[in-house]
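Printed here is query02.txt (compact mmCIF, C-alpha atoms):
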# COMPACT_ATOMS: atom_id res chain seq x y z
CA MET A 1 0.00 0.00 0.00
CA ARG A 2 1.39 3.37 -1.01
CA ASN A 3 -0.07 5.36 1.89
CA ALA A 4 1.43 4.78 5.33
CA TRP A 5 -1.87 5.70 7.03
CA LEU A 6 -3.49 2.82 5.12
CA THR A 7 -0.58 0.37 5.35
CA LEU A 8 -0.19 0.48 9.13
CA PRO A 9 -3.81 -0.51 9.97
CA ALA A 10 -3.58 -3.37 7.45
CA ILE A 11 -0.36 -4.66 9.02
CA LEU A 12 -1.76 -4.36 12.55
CA LEU A 13 -4.99 -6.16 11.60
CA ILE A 14 -3.33 -9.10 9.82
CA ALA A 15 -0.51 -9.45 12.36
CA SER A 16 -2.99 -9.41 15.25
CA MET A 17 -5.10 -12.16 13.68
CA ALA A 18 -2.01 -14.36 13.59
CA ALA A 19 -0.29 -13.36 16.83
CA LEU A 20 -3.46 -13.02 18.94
CA ALA A 21 -5.50 -15.81 17.40
CA GLN A 22 -8.76 -16.52 19.22
CA ALA A 23 -7.86 -13.92 21.87
CA PHE A 24 -8.12 -10.18 22.59
CA LEU A 25 -11.16 -9.69 20.37
CA ALA A 26 -11.59 -6.04 21.42
CA LEU A 27 -8.06 -5.15 20.28
CA LYS A 28 -8.55 -6.86 16.92
CA LEU A 29 -11.89 -5.09 16.46
CA LEU A 30 -10.09 -1.79 17.06
CA PHE A 31 -7.56 -2.59 14.33
CA LEU A 32 -10.42 -3.67 12.05
CA VAL A 33 -12.25 -0.38 12.59
CA LEU A 34 -9.06 1.60 11.91
CA PHE A 35 -8.49 -0.37 8.70
CA LEU A 36 -12.08 0.11 7.52
CA LEU A 37 -11.97 3.84 8.26
CA ALA A 38 -8.71 4.21 6.32
CA CYS A 39 -10.21 2.30 3.39
CA LEU A 40 -13.39 4.41 3.50
CA ILE A 41 -11.31 7.58 3.23
CA ARG A 42 -9.43 6.06 0.29
CA ILE A 43 -12.67 5.06 -1.45
CA LEU A 44 -14.05 8.58 -1.04
CA GLN A 45 -10.82 10.00 -2.49
CA ARG A 46 -10.97 7.60 -5.43
CA GLY A 47 -14.70 8.05 -5.95
CA ARG A 48 -15.37 4.35 -6.60
CA LEU A 49 -15.33 0.95 -4.99
CA VAL A 50 -13.35 -1.72 -6.83
CA SER A 51 -14.66 -5.29 -6.78
CA TYR A 52 -13.15 -8.53 -8.04
CA PRO A 53 -15.33 -11.25 -9.60
CA ARG A 54 -13.05 -14.10 -8.52
CA LEU A 55 -13.32 -13.03 -4.90
CA ILE A 56 -17.08 -12.67 -5.19
CA TRP A 57 -17.58 -16.08 -6.78
CA PHE A 58 -15.34 -17.86 -4.29
CA TYR A 59 -17.10 -16.55 -1.21
CA PHE A 60 -20.56 -16.79 -2.79
CA LEU A 61 -20.09 -20.49 -3.53
CA LEU A 62 -18.57 -21.05 -0.09
CA ALA A 63 -21.53 -19.34 1.59
CA VAL A 64 -24.11 -21.25 -0.47
CA THR A 65 -22.42 -24.55 0.42
CA GLY A 66 -22.50 -23.63 4.10
CA ILE A 67 -26.18 -22.67 3.96
CA VAL A 68 -27.21 -25.85 2.14
CA TRP A 69 -25.46 -28.15 4.61
CA ALA A 70 -26.73 -26.12 7.55
CA ILE A 71 -30.23 -26.95 6.29
CA VAL A 72 -29.19 -30.61 5.99
CA GLY A 73 -28.02 -30.43 9.60
CA LEU A 74 -31.32 -28.93 10.79
CA LEU A 75 -33.25 -31.66 9.00
CA HIS A 76 -31.08 -34.44 10.42
CA PRO A 77 -32.49 -35.72 13.73
CA GLY A 78 -30.25 -35.39 16.75
CA ASN A 79 -27.99 -32.64 15.43
CA TYR A 80 -27.15 -29.71 17.70
CA GLU A 81 -28.72 -26.43 16.59
CA LEU A 82 -25.86 -24.45 18.12
CA GLY A 83 -23.43 -26.38 15.91
CA VAL A 84 -25.57 -25.62 12.86
CA PHE A 85 -25.64 -21.89 13.60
CA ASP A 86 -21.91 -21.90 14.32
CA ALA A 87 -21.37 -23.23 10.80
CA LEU A 88 -23.79 -20.67 9.35
CA ARG A 89 -21.79 -17.90 10.98
CA LEU A 90 -18.53 -19.45 9.79
CA TYR A 91 -19.51 -20.00 6.15
CA GLY A 92 -22.20 -17.35 5.71
CA VAL A 93 -21.56 -14.23 7.77
CA TRP A 94 -17.79 -14.55 7.79
CA SER A 95 -17.65 -15.21 4.05
CA LEU A 96 -19.22 -11.78 3.54
CA ALA A 97 -16.72 -10.26 5.99
CA PHE A 98 -13.77 -11.89 4.21
CA LEU A 99 -15.08 -10.76 0.83
CA VAL A 100 -15.13 -7.15 2.04
CA LEU A 101 -11.69 -7.37 3.71
CA PHE A 102 -9.92 -8.96 0.76
CA SER A 103 -11.64 -6.66 -1.75
CA LEU A 104 -10.35 -3.67 0.22
CA LEU A 105 -6.86 -5.18 0.53
CA ARG A 106 -6.76 -6.03 -3.18
CA SER A 107 -7.83 -2.54 -4.25
CA GLU A 108 -4.47 -1.26 -2.97
CA ALA A 109 -0.86 -2.48 -3.28
CA SER A 110 -1.23 -4.82 -0.31
CA LEU A 111 1.22 -7.68 -0.93
CA GLY A 112 3.91 -5.74 0.91
CA ALA A 113 1.57 -5.13 3.85
CA ILE A 114 0.73 -8.84 4.10
CA HIS A 115 4.45 -9.67 3.96
CA ALA A 116 5.25 -7.16 6.71
CA ALA A 117 2.36 -8.45 8.83
CA LEU A 118 3.64 -12.04 8.68
CA ILE A 119 7.15 -10.92 9.66
CA VAL A 120 5.79 -8.95 12.61
CA ALA A 121 3.54 -11.86 13.60
CA GLY A 122 6.46 -14.31 13.57
CA ILE A 123 8.46 -12.08 15.91
CA LEU A 124 5.51 -11.32 18.19
CA ILE A 125 4.43 -14.96 18.50
CA SER A 126 7.98 -16.00 19.36
CA LEU A 127 8.48 -13.25 21.94
CA ILE A 128 5.08 -13.85 23.55
CA ASN A 129 5.76 -17.55 23.97
CA PHE A 130 9.40 -17.17 25.04
CA VAL A 131 8.49 -14.59 27.69
CA GLY A 132 5.48 -16.61 28.82
CA ALA A 133 7.50 -19.84 29.08
CA ALA A 134 10.37 -18.14 30.94
CA ASP A 135 7.88 -16.50 33.29
CA LEU A 136 6.43 -19.89 34.22
CA VAL A 137 9.81 -21.61 34.57
CA PHE A 138 11.33 -18.90 36.79
CA GLY A 139 8.09 -17.99 38.57
CA SER A 140 8.57 -14.28 37.98
CA SER A 141 4.84 -13.55 37.46
CA LEU A 142 5.59 -10.92 34.81
CA VAL A 143 2.73 -12.12 32.59
CA PRO A 144 -0.69 -11.39 34.15
CA GLU A 145 -2.93 -14.42 34.55
CA ALA A 146 -5.64 -12.74 32.45
CA ILE A 147 -3.29 -12.55 29.45
CA ARG A 148 -2.11 -16.12 30.03
CA GLU A 149 -5.70 -17.37 30.06
CA GLN A 150 -6.59 -15.42 26.91
CA LEU A 151 -3.73 -17.02 24.96
CA ASN A 152 -3.89 -20.36 26.83
CA LEU A 153 -0.18 -19.73 27.41
CA TYR A 154 1.04 -22.61 29.54
CA ILE A 155 4.03 -24.92 29.41
CA ALA A 156 4.24 -28.62 30.22
CA VAL A 157 7.60 -30.26 30.93
CA HIS A 158 7.82 -33.91 29.89
CA GLU A 159 10.64 -36.42 29.81
CA GLY A 160 12.93 -35.35 26.97
CA TYR A 161 10.81 -32.50 25.63
CA ILE A 162 8.62 -29.55 26.58
CA GLN A 163 5.23 -28.58 25.23
CA ILE A 164 4.02 -25.00 24.90
CA ASN A 165 0.23 -24.78 24.85
CA SER A 166 -0.43 -21.43 23.22
CA VAL A 167 -3.19 -20.86 20.67
CA ASN A 168 -1.10 -18.56 18.49
CA ILE A 169 1.58 -21.18 17.76
CA ALA A 170 -0.77 -22.56 15.11
CA ALA A 171 0.00 -19.49 12.95
CA LEU A 172 3.52 -20.87 12.51
CA PHE A 173 2.06 -23.48 10.14
CA LEU A 174 1.73 -20.57 7.70
CA ILE A 175 4.48 -18.20 8.82
CA VAL A 176 7.49 -20.56 8.99
CA PRO A 177 6.95 -22.13 5.52
CA TYR A 178 6.28 -18.66 4.09
CA LEU A 179 9.53 -17.24 5.47
CA LEU A 180 11.47 -20.37 4.48
CA ALA A 181 10.22 -20.17 0.90
CA LEU A 182 11.55 -16.61 0.58
CA GLN A 183 15.06 -17.87 1.41
CA PHE A 184 15.10 -19.95 -1.77
CA ARG A 185 13.84 -17.31 -4.21
CA ALA A 186 16.45 -15.38 -6.18
CA ASP A 187 13.91 -12.60 -6.81
CA ALA A 188 12.97 -12.06 -3.15
CA GLY A 189 15.08 -8.89 -3.00
CA ARG A 190 14.20 -6.60 -0.11
CA ALA A 191 11.46 -9.00 1.00
CA ASN A 192 14.22 -11.26 2.34
CA SER A 193 15.62 -8.63 4.67
CA GLY A 194 17.46 -9.04 7.94
CA LEU A 195 14.15 -8.63 9.78
CA THR A 196 12.70 -11.47 7.68
CA LYS A 197 15.60 -13.71 8.67
CA LEU A 198 15.25 -12.73 12.34
CA SER A 199 11.54 -13.58 12.27
CA LEU A 200 12.35 -16.93 10.66
CA LEU A 201 15.09 -17.74 13.18
CA LEU A 202 12.87 -16.96 16.19
CA SER A 203 9.97 -18.90 14.66
CA LEU A 204 12.15 -21.95 13.99
CA ILE A 205 13.43 -21.94 17.58
CA LEU A 206 9.86 -21.75 18.86
CA THR A 207 8.80 -24.52 16.47
CA ALA A 208 11.51 -26.81 17.83
CA ALA A 209 10.65 -25.96 21.43
CA SER A 210 6.88 -26.10 21.03
CA GLY A 211 6.46 -29.88 21.22
CA ARG A 212 3.86 -29.63 18.42
CA ARG A 213 4.25 -32.82 16.41
CA ALA A 214 2.18 -31.70 13.44
CA LEU A 215 4.18 -28.46 13.26
CA TRP A 216 7.47 -30.40 13.32
CA ILE A 217 6.28 -32.56 10.43
CA VAL A 218 4.95 -29.66 8.35
CA VAL A 219 8.15 -27.63 8.75
CA ALA A 220 10.24 -30.70 7.92
CA LEU A 221 8.15 -31.17 4.76
CA THR A 222 8.42 -27.51 3.71
CA PRO A 223 11.43 -28.03 1.40
CA PHE A 224 9.35 -30.67 -0.41
CA THR A 225 6.49 -28.17 -0.71
CA ILE A 226 8.85 -25.50 -2.06
CA LEU A 227 10.39 -27.91 -4.57
CA LEU A 228 7.00 -29.20 -5.72
CA GLY A 229 5.65 -25.66 -6.00
CA ALA A 230 8.63 -24.58 -8.10
CA ILE A 231 8.19 -27.58 -10.41
CA VAL A 232 4.42 -27.12 -10.81
CA THR A 233 4.70 -23.38 -11.52
CA GLY A 234 7.76 -23.72 -13.75
CA GLY A 235 9.71 -21.55 -11.34
CA MET A 236 12.86 -23.61 -10.93
CA ARG A 237 14.91 -20.96 -12.69
CA VAL A 238 13.96 -18.27 -10.16
CA LEU A 239 15.32 -20.31 -7.26
CA ARG A 240 18.64 -19.24 -5.79
CA ARG A 241 21.86 -20.72 -7.13
CA GLY A 242 22.36 -24.07 -5.48
CA ALA A 243 18.79 -24.14 -4.13
CA ARG A 244 17.68 -26.90 -6.46
CA ARG A 245 20.63 -29.06 -5.49
CA PHE A 246 19.97 -28.47 -1.80
CA LEU A 247 16.23 -29.21 -2.09
CA LEU A 248 16.82 -32.42 -4.04
CA SER A 249 19.53 -33.52 -1.61
CA TYR A 250 17.29 -32.74 1.34
CA ALA A 251 14.44 -34.76 -0.18
CA LEU A 252 16.73 -37.74 -0.72
CA ALA A 253 18.13 -37.47 2.82
CA VAL A 254 14.66 -37.42 4.37
CA VAL A 255 13.61 -40.48 2.38
CA LEU A 256 16.73 -42.35 3.50
CA VAL A 257 16.25 -41.33 7.15
CA ALA A 258 12.60 -42.39 7.04
CA ALA A 259 13.56 -45.75 5.54
CA ALA A 260 16.28 -46.27 8.16
CA ALA A 261 14.11 -45.13 11.10
CA PRO A 262 13.14 -48.67 12.22
CA MET A 263 16.84 -49.57 12.38
CA LEU A 264 17.81 -46.67 14.65
CA PRO A 265 19.41 -47.61 17.98
CA ALA A 266 16.92 -48.23 20.77
CA SER A 267 18.44 -45.41 22.82
CA LEU A 268 17.67 -42.94 20.05
CA GLN A 269 14.17 -44.31 19.48
CA GLU A 270 13.46 -43.80 23.19
CA ALA A 271 14.53 -40.14 23.10
CA GLY A 272 11.72 -37.91 24.38
CA SER A 273 11.15 -35.94 21.17
CA VAL A 274 11.31 -39.07 18.98
CA ARG A 275 8.89 -40.92 21.24
CA ARG A 276 6.62 -37.87 21.23
CA LEU A 277 6.57 -37.91 17.43
CA VAL A 278 5.88 -41.65 17.20
CA GLU A 279 2.99 -41.39 19.67
CA ALA A 280 1.07 -39.33 17.11
CA PHE A 281 0.58 -42.51 15.08
CA SER A 282 -0.28 -44.78 18.00
CA SER A 283 -3.72 -46.29 18.64
CA ALA A 284 -3.96 -44.29 21.90
CA ASP A 285 -3.73 -40.91 20.17
CA GLU A 286 -6.95 -38.87 20.23
CA ARG A 287 -6.97 -38.39 16.45
CA THR A 288 -6.60 -42.12 15.87
CA ILE A 289 -9.52 -42.79 18.22
CA GLN A 290 -11.78 -40.27 16.46
CA LYS A 291 -11.16 -41.51 12.95
CA PRO A 292 -13.33 -44.69 12.92
CA TYR A 293 -16.27 -42.85 14.51
CA LEU A 294 -16.20 -40.17 11.81
CA LEU A 295 -15.80 -42.73 9.02
CA GLU A 296 -18.64 -44.87 10.37
CA GLY A 297 -20.85 -41.80 10.55
CA PHE A 298 -19.96 -40.96 6.96
CA ALA A 299 -20.73 -44.52 5.85
CA ARG A 300 -24.27 -44.20 7.21
CA SER A 301 -24.94 -41.15 5.02
CA PRO A 302 -22.26 -41.04 2.30
CA ALA A 303 -23.95 -38.88 -0.33
CA LEU A 304 -24.95 -35.71 1.54
CA GLY A 305 -23.43 -36.43 4.95
CA VAL A 306 -25.28 -35.60 8.15
CA GLY A 307 -24.94 -31.82 7.93
CA PHE A 308 -23.41 -29.49 10.48
CA GLY A 309 -23.86 -29.88 14.23
CA ALA A 310 -23.72 -33.70 14.19
CA TYR A 311 -22.31 -35.88 16.96
CA ALA A 312 -20.25 -38.82 15.68
CA GLY A 313 -20.58 -41.01 18.77
CA TYR A 314 -17.29 -40.06 20.42
CA LEU A 315 -17.24 -37.13 22.85
CA ARG A 316 -14.22 -34.91 22.38
CA SER A 317 -15.67 -31.65 23.75
CA ALA A 318 -18.49 -31.53 26.29
CA GLU A 319 -19.26 -27.92 25.32
CA ARG A 320 -19.27 -28.65 21.58
CA PRO A 321 -19.88 -32.36 20.92
CA TRP A 322 -19.91 -31.73 17.15
CA ASN A 323 -16.25 -30.58 17.10
CA TYR A 324 -13.35 -32.91 16.25
CA GLU A 325 -9.68 -32.35 15.38
CA LEU A 326 -9.61 -34.35 12.13
CA THR A 327 -10.63 -31.55 9.76
CA TYR A 328 -11.01 -33.51 6.54
CA HIS A 329 -12.63 -36.57 8.12
CA LEU A 330 -15.11 -34.21 9.79
CA MET A 331 -15.82 -32.55 6.43
CA LEU A 332 -16.59 -35.94 4.93
CA PHE A 333 -18.84 -36.76 7.89
CA ASN A 334 -20.69 -33.41 7.68
CA LEU A 335 -20.82 -32.79 3.92
CA GLY A 336 -20.68 -36.24 2.38
CA ILE A 337 -19.27 -36.96 -1.05
CA VAL A 338 -21.32 -34.23 -2.74
CA GLY A 339 -20.32 -31.43 -0.37
CA VAL A 340 -16.65 -32.42 -0.26
CA ALA A 341 -16.62 -32.63 -4.07
CA ILE A 342 -18.06 -29.11 -4.33
CA LEU A 343 -15.55 -27.60 -1.92
CA GLY A 344 -12.69 -29.66 -3.35
CA THR A 345 -13.51 -28.51 -6.87
CA LEU A 346 -13.79 -24.89 -5.74
CA PHE A 347 -10.35 -24.93 -4.12
CA ALA A 348 -8.81 -26.93 -6.97
CA VAL A 349 -10.04 -24.42 -9.55
CA TYR A 350 -8.60 -21.50 -7.60
CA PHE A 351 -5.30 -23.30 -7.11
CA VAL A 352 -5.18 -23.73 -10.89
CA PHE A 353 -5.87 -20.00 -11.32
CA VAL A 354 -2.97 -19.12 -9.01
CA ARG A 355 -0.65 -21.74 -10.54
CA ARG A 356 -1.24 -20.25 -14.00
CA LEU A 357 -0.48 -16.74 -12.72
CA LEU A 358 2.72 -17.91 -11.01
CA SER A 359 3.73 -19.73 -14.20
CA GLN A 360 3.00 -16.70 -16.36
CA PHE A 361 4.52 -14.06 -14.09
CA LYS A 362 7.53 -15.81 -12.53
CA ASP A 363 9.84 -12.87 -11.94
CA GLY A 364 8.97 -10.70 -8.96
CA ALA A 365 6.48 -13.27 -7.66
CA ALA A 366 8.49 -14.32 -4.59
CA ILE A 367 5.86 -13.15 -2.09
CA PRO A 368 2.88 -14.76 -3.90
CA PHE A 369 4.84 -18.00 -4.32
CA ALA A 370 5.81 -18.04 -0.64
CA LEU A 371 2.19 -17.32 0.35
CA VAL A 372 1.06 -20.38 -1.62
CA VAL A 373 3.71 -22.50 0.11
CA GLY A 374 2.51 -21.20 3.48
CA LEU A 375 -1.14 -21.79 2.59
CA CYS A 376 -0.47 -25.38 1.49
CA SER A 377 1.43 -26.00 4.71
CA LEU A 378 -1.45 -24.60 6.78
CA CYS A 379 -3.83 -26.95 4.96
CA ILE A 380 -1.54 -29.89 5.77
CA GLY A 381 -1.42 -28.85 9.42
CA ALA A 382 -5.21 -28.59 9.50
CA TYR A 383 -5.48 -32.33 8.82
CA SER A 384 -5.19 -33.07 12.54
CA ASN A 385 -6.14 -29.68 13.98
CA PRO A 386 -9.46 -27.75 13.76
CA TYR A 387 -7.83 -24.51 12.59
CA PHE A 388 -10.59 -23.67 10.12
CA ASN A 389 -13.21 -23.40 12.85
CA GLY A 390 -12.18 -19.86 13.76
CA PHE A 391 -12.24 -16.45 12.10
CA ASP A 392 -8.52 -15.76 12.48
CA TYR A 393 -7.07 -18.75 10.67
CA LEU A 394 -9.94 -19.02 8.20
CA PHE A 395 -8.99 -15.49 7.11
CA PHE A 396 -5.70 -16.80 5.73
CA ILE A 397 -7.53 -19.27 3.48
CA GLY A 398 -8.71 -16.16 1.65
CA LEU A 399 -5.17 -15.67 0.40
CA LEU A 400 -6.02 -18.20 -2.33
CA PRO A 401 -8.86 -16.24 -4.04
CA TYR A 402 -6.99 -13.01 -3.24
CA LEU A 403 -3.96 -14.15 -5.25
CA ALA A 404 -6.24 -15.41 -8.03
CA THR A 405 -7.35 -11.82 -8.71
CA PHE A 406 -3.92 -10.71 -10.01
CA ARG A 407 -4.93 -11.55 -13.57
CA ALA A 408 -2.62 -8.94 -15.17
CA GLY A 409 0.36 -9.93 -13.06
CA PHE A 410 1.31 -9.24 -9.48
CA ASP A 411 1.00 -5.50 -9.96
CA PRO A 412 0.42 -3.32 -6.88
CA ALA A 413 -2.23 -1.31 -8.71
CA PRO A 414 -5.81 -2.51 -9.33
CA THR A 415 -5.96 -4.58 -12.51
CA ALA A 416 -7.89 -3.69 -15.59
CA THR A 417 -10.01 -6.82 -15.20
CA ALA A 418 -11.55 -5.56 -11.96
CA SER A 419 -15.07 -4.28 -12.23
CA SER A 420 -16.04 -1.02 -10.49
Show me this structure written as structure tokens.
Amino acid sequence: MRNAWLTLPAILLIASMAALAQAFLALKLLFLVLFLLACLIRILQRGRLVSYPRLIWFYFLLAVTGIVWAIVGLLHPGNYELGVFDALRLYGVWSLAFLVLFSLLRSEASLGAIHAALIVAGILISLINFVGAADLVFGSSLVPEAIREQLNLYIAVHEGYIQINSVNIAALFLIVPYLLALQFRADAGRANSGLTKLSLLLSLILTAASGRRALWIVVALTPFTILLGAIVTGGMRVLRRGARRFLLSYALAVVLVAAAAPMLPASLQEAGSVRRLVEAFSSADERTIQKPYLLEGFARSPALGVGFGAYAGYLRSAERPWNYELTYHLMLFNLGIVGVAILGTLFAVYFVFVRRLLSQFKDGAAIPFALVVGLCSLCIGAYSNPYFNGFDYLFFIGLLPYLATFRAGFDPAPTATASS
């Protein structure tokens, strides 16, 4: 964004949604109001409101899908009405909110603001968790209990590893792969600044210390995601010198380590972090327990599913019995084959749109490419975590239709294809 008075509210809003996820709603509402006021002034100066058909169609189809399967949920006996209306708010009301937000962001040169927001968020999330963890370990009571409760900022010490239970760590599924992808792009330029590297370093340290198994796996897979993204978009030539060799070598090394894992010494296999990782695939893990219940529920109504607000027979949350961690199994259970096919097709089409743009406009597309890497990584992380049940993380899914609107290239100005 060219105007600082418009850029700052955008950075604060996006960074707060990542760093203060599911917490401090009043503060985020303040940043939202500041952003909307700045955009209103800009619209009055410009004398027109710019809209983007690809954004409109994406959120329209998403909202219609949500409404249809909310009706299915209401018609299905035994479903919880509160769960149905939660889904209506998520897919209906919030789709309209995201449409407005991304239309306003897209009408200005906002890629730089999104980039800055993710850098700030990476630093803030790391500092918040480091300070909170140190405060608990040393008993200094620097962090008020009210703030700790808002962020669910607690630390558990286990044998061989620690676990930081903070809601904002989930944003690292997007931020760490995004910042890593920039390191491999030869055209990153000023986007790969010292502050970018600092944010990445702090985020990687927090990732390692977090005890989050899914996050460990996603970050470890990020070089694969970068390599696959470069191949699919034809962007191998815009990788840094030696990057292709490193990525291919890394992929081979990971395959060899995975193949040799069963032959590792028993002492290494019993290491706390290794044991923690292996437990994710054990029959005692909560996700493993949920899976057959969701699949059995899907099998009873495979075509249209059971709609939103349905209980699968296994109680994971007493307050919200319709909520489960396995995002894509839950989608199959709620939406059935038809609903999943509709959403799958919608996202696939928009991924194709973005892939074509990245293939056509390779140079200077480091930020959009890195955003796609981060978005794919967030989707992988959501497999075993219900990240798409909240406004904050669902906002970042909108990066896909947002990037699809750059039909004349990743130009900071509104494109000629936008309708006014």
| message | Within 7 Å of (-24.0, -23.6, 7.7) in the file's own coordinates, which protein, DNA or RNA residues have an atom, counting all atoms listed in the file? List them as a ChimeraX atom specification. | response | /A:66-70,84-85,87-89,91-92,308
| said: Taking 6 positions as the minimum chain separation for residues in the same chain, which residues sit within 10 Å of Val72 in chain A when counting all atoms listed in the file? Answer as a VMD selection string. | reply: chain A and resid 66 79 84 304 to 309 334 to 335
| message | Between CA of Phe395 in chain A and CA of Ile125 in chain A, what is the distance in Å, rounded to a tenth? | response |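 Calculated distance between CA of Phe395 in chain A and CA of Ile125 in chain A is 17.6 Å.
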| field | Point-to-point distance from CA of Ala117 in chain A to CA of Leu403 in chain A, Å rounded to tenths | value |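 Result for CA of Ala117 in chain A versus CA of Leu403 in chain A: 16.5 Å, one decimal.
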| request: Find the residue from A:Ile337, A:Leu118, A:Leu221, A:Leu6 that sits nearest to Ala299 in chain A; use only C-alpha atoms when measuring. | output: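 Once distances to Ala299 in chain A are computed over only C-alpha atoms, the minimum belongs to A:Ile337.
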Identify, on the basis of all atoms listed in the file, every residue whose closest approach to Leu8 in chain A does not exceed 10 Å; exclude the query and any residue fewer than 6 positions from it along the same chain; express the result as a compact mmCIF listing (two decimals) with C-alpha atoms, in the frame of the given file.
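Everything below was put into result05.txt:
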# COMPACT_ATOMS: atom_id res chain seq x y z
CA MET A 1 0.00 0.00 0.00
CA PHE A 31 -7.56 -2.59 14.33
CA LEU A 34 -9.06 1.60 11.91
CA PHE A 35 -8.49 -0.37 8.70
CA ALA A 38 -8.71 4.21 6.32
CA ALA A 113 1.57 -5.13 3.85
CA ALA A 116 5.25 -7.16 6.71
CA ALA A 117 2.36 -8.45 8.83
| Gap from CA of Leu90 in chain A to CA of Phe173 in chain A - Å, one decimal |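 Atom-to-atom, CA of Leu90 in chain A to CA of Phe173 in chain A, that is 21.0 Å.
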| request: Could you give me, as number ranges by chain, the residues within 6 Å of range 178-194 of chain A, counting all atoms listed in the file and dropping anything in the same chain fewer than 6 positions from it? | output: A: 200, 238-240, 364, 366, 370-371, 374
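Nearest to Ala97 in chain A of all the residues A:Leu32, A:Ile162, A:Val137, A:Arg355 is A:Leu32, counting all atoms listed in the file.
Closest approach to Leu400 in chain A among A:Val352, A:Leu153, A:Lys362, A:Leu227: A:Val352, based on only C-alpha atoms.
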| Which is closest to Arg356 in chain A among A:Met331, A:Ala408, A:Ser377, A:Asn389, if we use all atoms listed in the file? |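 When distances to Arg356 in chain A are compared using all atoms listed in the file, the smallest one comes from A:Ala408.
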| query | Pick the closest to Val33 in chain A from A:Ala21, A:Leu101, A:Leu49, A:Leu206: which is it, counting only C-alpha atoms? | reply |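 Under the stated criterion, the closest residue is A:Leu101.
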Write range 59-74 of chain A as a PDB file, keeping the file's coordinate frame, completed to N, CA and C atoms.
ATOM      1  N   TYR A  59     -16.385 -16.642  -2.484  1.00  0.00           N
ATOM      2  CA  TYR A  59     -17.100 -16.550  -1.210  1.00  0.00           C
ATOM      3  C   TYR A  59     -18.601 -16.770  -1.379  1.00  0.00           C
ATOM      4  N   PHE A  60     -19.149 -16.475  -2.539  1.00  0.00           N
ATOM      5  CA  PHE A  60     -20.560 -16.790  -2.790  1.00  0.00           C
ATOM      6  C   PHE A  60     -20.787 -18.295  -2.776  1.00  0.00           C
ATOM      7  N   LEU A  61     -19.950 -19.035  -3.492  1.00  0.00           N
ATOM      8  CA  LEU A  61     -20.090 -20.490  -3.530  1.00  0.00           C
ATOM      9  C   LEU A  61     -19.820 -21.116  -2.163  1.00  0.00           C
ATOM     10  N   LEU A  62     -18.863 -20.549  -1.424  1.00  0.00           N
ATOM     11  CA  LEU A  62     -18.570 -21.050  -0.090  1.00  0.00           C
ATOM     12  C   LEU A  62     -19.769 -20.825   0.840  1.00  0.00           C
ATOM     13  N   ALA A  63     -20.382 -19.655   0.745  1.00  0.00           N
ATOM     14  CA  ALA A  63     -21.530 -19.340   1.590  1.00  0.00           C
ATOM     15  C   ALA A  63     -22.730 -20.214   1.237  1.00  0.00           C
ATOM     16  N   VAL A  64     -22.986 -20.411  -0.050  1.00  0.00           N
ATOM     17  CA  VAL A  64     -24.110 -21.250  -0.470  1.00  0.00           C
ATOM     18  C   VAL A  64     -23.926 -22.684   0.021  1.00  0.00           C
ATOM     19  N   THR A  65     -22.699 -23.195  -0.079  1.00  0.00           N
ATOM     20  CA  THR A  65     -22.420 -24.550   0.420  1.00  0.00           C
ATOM     21  C   THR A  65     -22.699 -24.632   1.921  1.00  0.00           C
ATOM     22  N   GLY A  66     -22.256 -23.639   2.660  1.00  0.00           N
ATOM     23  CA  GLY A  66     -22.500 -23.630   4.100  1.00  0.00           C
ATOM     24  C   GLY A  66     -23.977 -23.590   4.430  1.00  0.00           C
ATOM     25  N   ILE A  67     -24.746 -22.777   3.697  1.00  0.00           N
ATOM     26  CA  ILE A  67     -26.180 -22.670   3.960  1.00  0.00           C
ATOM     27  C   ILE A  67     -26.900 -23.980   3.654  1.00  0.00           C
ATOM     28  N   VAL A  68     -26.559 -24.598   2.528  1.00  0.00           N
ATOM     29  CA  VAL A  68     -27.210 -25.850   2.140  1.00  0.00           C
ATOM     30  C   VAL A  68     -26.975 -26.930   3.186  1.00  0.00           C
ATOM     31  N   TRP A  69     -25.737 -27.068   3.650  1.00  0.00           N
ATOM     32  CA  TRP A  69     -25.460 -28.150   4.610  1.00  0.00           C
ATOM     33  C   TRP A  69     -25.848 -27.778   6.031  1.00  0.00           C
ATOM     34  N   ALA A  70     -26.110 -26.497   6.281  1.00  0.00           N
ATOM     35  CA  ALA A  70     -26.730 -26.120   7.550  1.00  0.00           C
ATOM     36  C   ALA A  70     -28.191 -26.587   7.558  1.00  0.00           C
ATOM     37  N   ILE A  71     -28.851 -26.459   6.411  1.00  0.00           N
ATOM     38  CA  ILE A  71     -30.230 -26.950   6.290  1.00  0.00           C
ATOM     39  C   ILE A  71     -30.263 -28.468   6.453  1.00  0.00           C
ATOM     40  N   VAL A  72     -29.286 -29.158   5.827  1.00  0.00           N
ATOM     41  CA  VAL A  72     -29.190 -30.610   5.990  1.00  0.00           C
ATOM     42  C   VAL A  72     -29.038 -30.963   7.471  1.00  0.00           C
ATOM     43  N   GLY A  73     -28.219 -30.192   8.179  1.00  0.00           N
ATOM     44  CA  GLY A  73     -28.020 -30.430   9.600  1.00  0.00           C
ATOM     45  C   GLY A  73     -29.280 -30.229  10.416  1.00  0.00           C
ATOM     46  N   LEU A  74     -30.066 -29.185  10.074  1.00  0.00           N
ATOM     47  CA  LEU A  74     -31.320 -28.930  10.790  1.00  0.00           C
ATOM     48  C   LEU A  74     -32.333 -30.028  10.538  1.00  0.00           C
TER      49      LEU A  74
END
